[in-house]
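Working notes, structure below.
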Amino acid sequence: MTEAPLIVPPSAGPTGAGDLLAGLNPQQLAAVTYRGPALLIVAGAGSGKTSVLTRRIALLLRQREAWPSQILAITFTNKAAGEMRERVEGLVGEAARGMWISTFHSACVRILRREAEQFGFTKSFTIYDSGDSRALIKRLVKEHEADAFGMTPSSVQSRISKLKNELTDAEGYARQANMSDPAERIFVDVFTDYQRALQKANAFDFDDLIAQTVFLFRAFPQVADTYRRRFRHILVDEYQDTNHAQYALIHELTRPVSAAAPDPYASNGMMIFEPETAPAEPGASLTVVGDSDQSIYAFRGADIRNISEFERDFPGAQVVLLEQNYRSTQNILSAANAVIGNNFDRKAKNLWSDKGAGDRIVGFTGYSQHDEAQFVADEVEALRRAGMPYSEMAVFYRTNSQSRALEEIFIRAAVPYKIMGGTKFYERAEIKDALAYLVAVSNPADDMSVRRILNKPRRGIGDVTETSIARFAEEHGLSFRDALAHPSQLGVGPKIRAAIARLDAVLAEATAIMQPASGEIPSATSVAEGLTVLLEKSGYYESLRASRDPQDEARLENLDEFVAVARDFARNNPEGTLVDFLTEVALVSDADDLDDESGSVSLMTMHTAKGLEYDAVFVTGVEEDLIPHRISAGEPGGPQEERRLFYVGITRARKRLHLSLAMTRAQFGEVSVAMPSRFLQEIPADLIDWRQSPGDVNSRGGMQSRALNARPGGGFGGGRDRFGVKPLPGRDQLKPLSTSMDKFPNKVTAKVRDNGDLELTAGDRIRHDDFGEGRIEAVTGEGAKRIAHVRFDSAGQKKLLIKIAPIVKL
DNA sequence: TAATCCTCACTTTTT
DNA sequence: GTGAGGATTA
């Protein structure tokens with residue numbers, strides 16, 4: 001490999017790289033141009049790592065150091081993969097074709113489908129998502145009566161998942177387990193049976209996709225060599241989030257090619273045996289990008305050591321540190337640095353920005369989560385009026401349940417919002433049902449799917465019938481699916497017999513459409529067609545249409561959307577088969593539709609926020625027991641991971657950062673007192689502009705100072721409390737500052753009413769239960785979405801959804 | 001077999 | 001407060 005020149009003049013002709021290197025700082029330039037076996041790019045938040053990674057790839061292509069087919073770039077989400085591909089294409093155009101830019105899982109699926117027959121699977125294997133595997137484990141836990149030992153399906157699932165992430169299989173675990181412990185024995189049995197069931201169903205779970213690929217490479221070195229020869233440049237993004245199995249996969253792929261063997265890629269498919277003496281090729285060049293301060297997935301098996309010990313694992317590795325942040329103002333970064341600096345055993349890193357100090361961080365303490373939410377809504381509206389689009393604002397929280405209060409207030413305040421993440425489209429029951437129908441066609445060996453649809457819609461087929469079908473299948477050596485073709489031999493009543501026959505016929509009809517036996521190639525739209533046939537003729541649609549449950553209407557819409565997804569797939573992949581479609585669906589999560597729908601505020605957990613950025617960010621619920629979460633206290637490294645999570649949250653902000661909390665929070669049906677998060681006090685007080693500090697709220701009424709006094713050594717110093725707020729002069733902190741509502745015009749209750757068709761016009765005066773009296777300035781919107789723009793006498797400007805606002809006309 | 005009542009548990013989750 | 005899943009009943 002030739003050493004790339006560090007600086008290429010912009011006029012260097014067709015292979016010139018000047019534009020690729022333009023505008024890079026020296027560290028970025030080094031990260032793009034360094035050539036060697038291994039490179040670690042430590043990329044602080046907002047340091048332009050995506051740009052560096054894409055330019056690095058583009059430069060490799062532009063300078064003809066690598067063919068596209070020799071590049072494997074790995075990201076964690078399909079969305080990130082898509083963006084990276086787009087950006088590389090933007091830089092080098094057509095020359096980007098043929099690269100593998102994908103997630104770990106997609107890359108492994110591609111490999112496994114190609115090699116499946118090597119180890120007892122077929123190309124059309126199913127991918128079990130965590131719901132599928134939980135369902136299977138649940139059955140096994142029941143069969144083995146493992147619940148008697150306190151094992152729940154989800155605990156077993158997470159244990160198995162952890163073991164697989166460590167590349168430990170059932171056999172390996174059994175070898176070192178204490179088999180005199182009955183609980184251990186049963187767990188081993190469940191694990192073993194689980195793996196056996198997967199194999200029998202021709203299925204892999206998510207963890208298997210990685211682990212089995214590693215096992216494949218280890219068991220069949222010549223297969224591994226094929227890929228080692230092919231991929232000369234491997235780049236991994238978000239390396240701090242890799243688990244052991246992923247690490248091992250990378251390790252396998254970057255080993256030197258072990259022996260002279262046929263190379264199908266270099267020989268036009270002809271088998272050419274090189275002489276034994278052929279020099280083995282060196283391992284692929286590896287580039288990893290990551291930031292250990294943003295490692296927030298240890299709970300999923302991510303191993304921070306992968307990045308912290310990179311230099312040991314890959315001797316001779318070069319390390320480049322990107323510390324200049326191009327995203328945030330210095331105040332935000334100073335807060336972030338101060339917080340993360342409290343984590344010990346991290347490599348020092350100091351993000352800096354040349355954007356100037358910027359605005360101070362805004363702090364707010366509400367009485368309740370509603371109060372806090374109202375603050376967020378008000379602030380969002382103020383920013384909107386100042387010209388910031390909603391799509392540039394985001395609200396983060398630690399747990400999904402916190403979104404509820406925010407939603408309630410946002411609806412009432414007519415703030416358009418969008419929840420990111422949350423219940424996933426592909427995890428909805430009706431979508432899983434539709435998928436199960438498709439899987440029943442594509443992989444009849446997969447009993448789970450067939451069992452799932454057996455009685456959906458209701459056909460009168462219950463447990464008893466299911467068991468007899470299973471028994472019949474067992475006795476005759478058939479799959480569960482094939483047993484459906486012999487309803488008369490099942491010993492069930494005529495009604496049920498007919499129902500089974502009908503299901504069998506529907507499946508057969510759909511199979512004929514999507515996978516014609518004659519070997520002819522099904523049309524591009526066959527998946528959408530087959531899906532429609534399945535849903536129509538199985539009676540699934542009909543049962544939803546006939547239902548009186550209002551939720552079933554939404555289910556129908558979801559199914560329509562799913563059919564639309566299938567049509568889109570056909571359009572984008574004219575050659576795409578049913579298996580391709582199912583693969584895409586299994587590996588694509590909703591996180592991939594994170595596209596900012598322009599014009600709405602984004603609500604999401606701090607985990608989901610990683611990798612995103614917004615002009616204005618609201619981090620809510622900055623309280624003890626929430627961030628850091630209560631449960632994290634018991635886990636090793638828990639509090640530190642929580643701190644990183646908080647760090648990720650605040651480093652998403654470009655210009656404005658808001659930190660808010662509530663003094664009381666209703667959780668699990670009861671209201672409890674919340675305390676400010678310890679992380680708040682790690683931020684230098686002069687960086688925060690408290691609109692309402694914890695001190696303000698506490699010093700009112702009977703529960704004064706509870707949160708502040710709860711910490712020994714806390715209290716006030718230098719005329720300012722620890723939150724940087726001056727105590728009001730002339731008043732004793734222990735006495736109520738004010739007992740009237742005027743100081744807290746935003747205090748909000750969570751009542752909802754129905755005003756029906758209350759007529760309002762500009763100029764009317766109204767009284768609001770929480771905000772007092774005000775004057776209507778304008779009314780916009782139609783019907784149930786009519787919005788009153790009100791200027792309240794003491795609570796300021798607000799928008800209200802008229803239908804549900806607690807208001808009366810005066 | 002299906003509907004209904006009751007109990008329980010309740011972080012985060014790129015695939 | 002809520003939703004899922006299990007046990008109980010019709």
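In the structure tokens, each chain is lettered A, B, ... as it comes, each chain's residues begin at 1, and ligands are numbered from 1 in order of appearance.
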Counting only C-alpha atoms (C1' of nucleotides), chain A residues within 7 Å of chain B, as a list in words: Phe76, Thr77, His105, Phe206, Thr399, Gly460, Gly462, Leu587 and His607 of chain A
Give one line per residue of chain A that approaches chain C to at most 9 Å, naming the two atoms of the closest pair and their distance in Å to one decimal, counting only C-alpha atoms (C1' of nucleotides); sort by chain then ascending residue number and deliver it as JSON lines.
{"residue": "A:Gln667", "atom": "CA", "partner": "C:DG1", "partner_atom": "C1'", "distance": 8.1}
{"residue": "A:Phe668", "atom": "CA", "partner": "C:DG1", "partner_atom": "C1'", "distance": 6.2}
{"residue": "A:Gly669", "atom": "CA", "partner": "C:DG1", "partner_atom": "C1'", "distance": 4.9}
{"residue": "A:Glu670", "atom": "CA", "partner": "C:DG1", "partner_atom": "C1'", "distance": 8.5}
What would the file look like if the residues just selected were written as a compact mmCIF listing (two decimals), in the first residue's frame with N, CA and C atoms?
# COMPACT_ATOMS: atom_id res chain seq x y z
N GLN A 667 -45.29 9.13 40.23
CA GLN A 667 -44.79 7.94 39.56
C GLN A 667 -45.47 6.73 40.17
N PHE A 668 -45.82 5.80 39.37
CA PHE A 668 -46.47 4.59 39.84
C PHE A 668 -47.70 4.94 40.65
N GLY A 669 -48.40 5.96 40.25
CA GLY A 669 -49.65 6.27 40.89
C GLY A 669 -49.55 7.04 42.19
N GLU A 670 -48.34 7.31 42.66
CA GLU A 670 -48.29 8.16 43.83
C GLU A 670 -47.27 9.28 43.68
For CA of Glu773 (chain A) and CA of Gly621 (chain A), the interatomic separation in Å (one decimal): 29.5 Å
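Across the model, the gap from CA of Thr365 (chain A) to CA of Met663 (chain A) is 6.9 Å.
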Straight-line distance linking CA of Leu29 (chain A) with CA of Glu323 (chain A), stated in Å to one decimal: 13.1 Å
Surrounding residues of region 793-809 of chain A excluding itself and chain neighbours under 4 positions, 9 Å, only C-alpha atoms (C1' of nucleotides), as a ChimeraX atom specification: /A:377-378,381-382,411-415,742,744-746,751-760,764-775,783-789
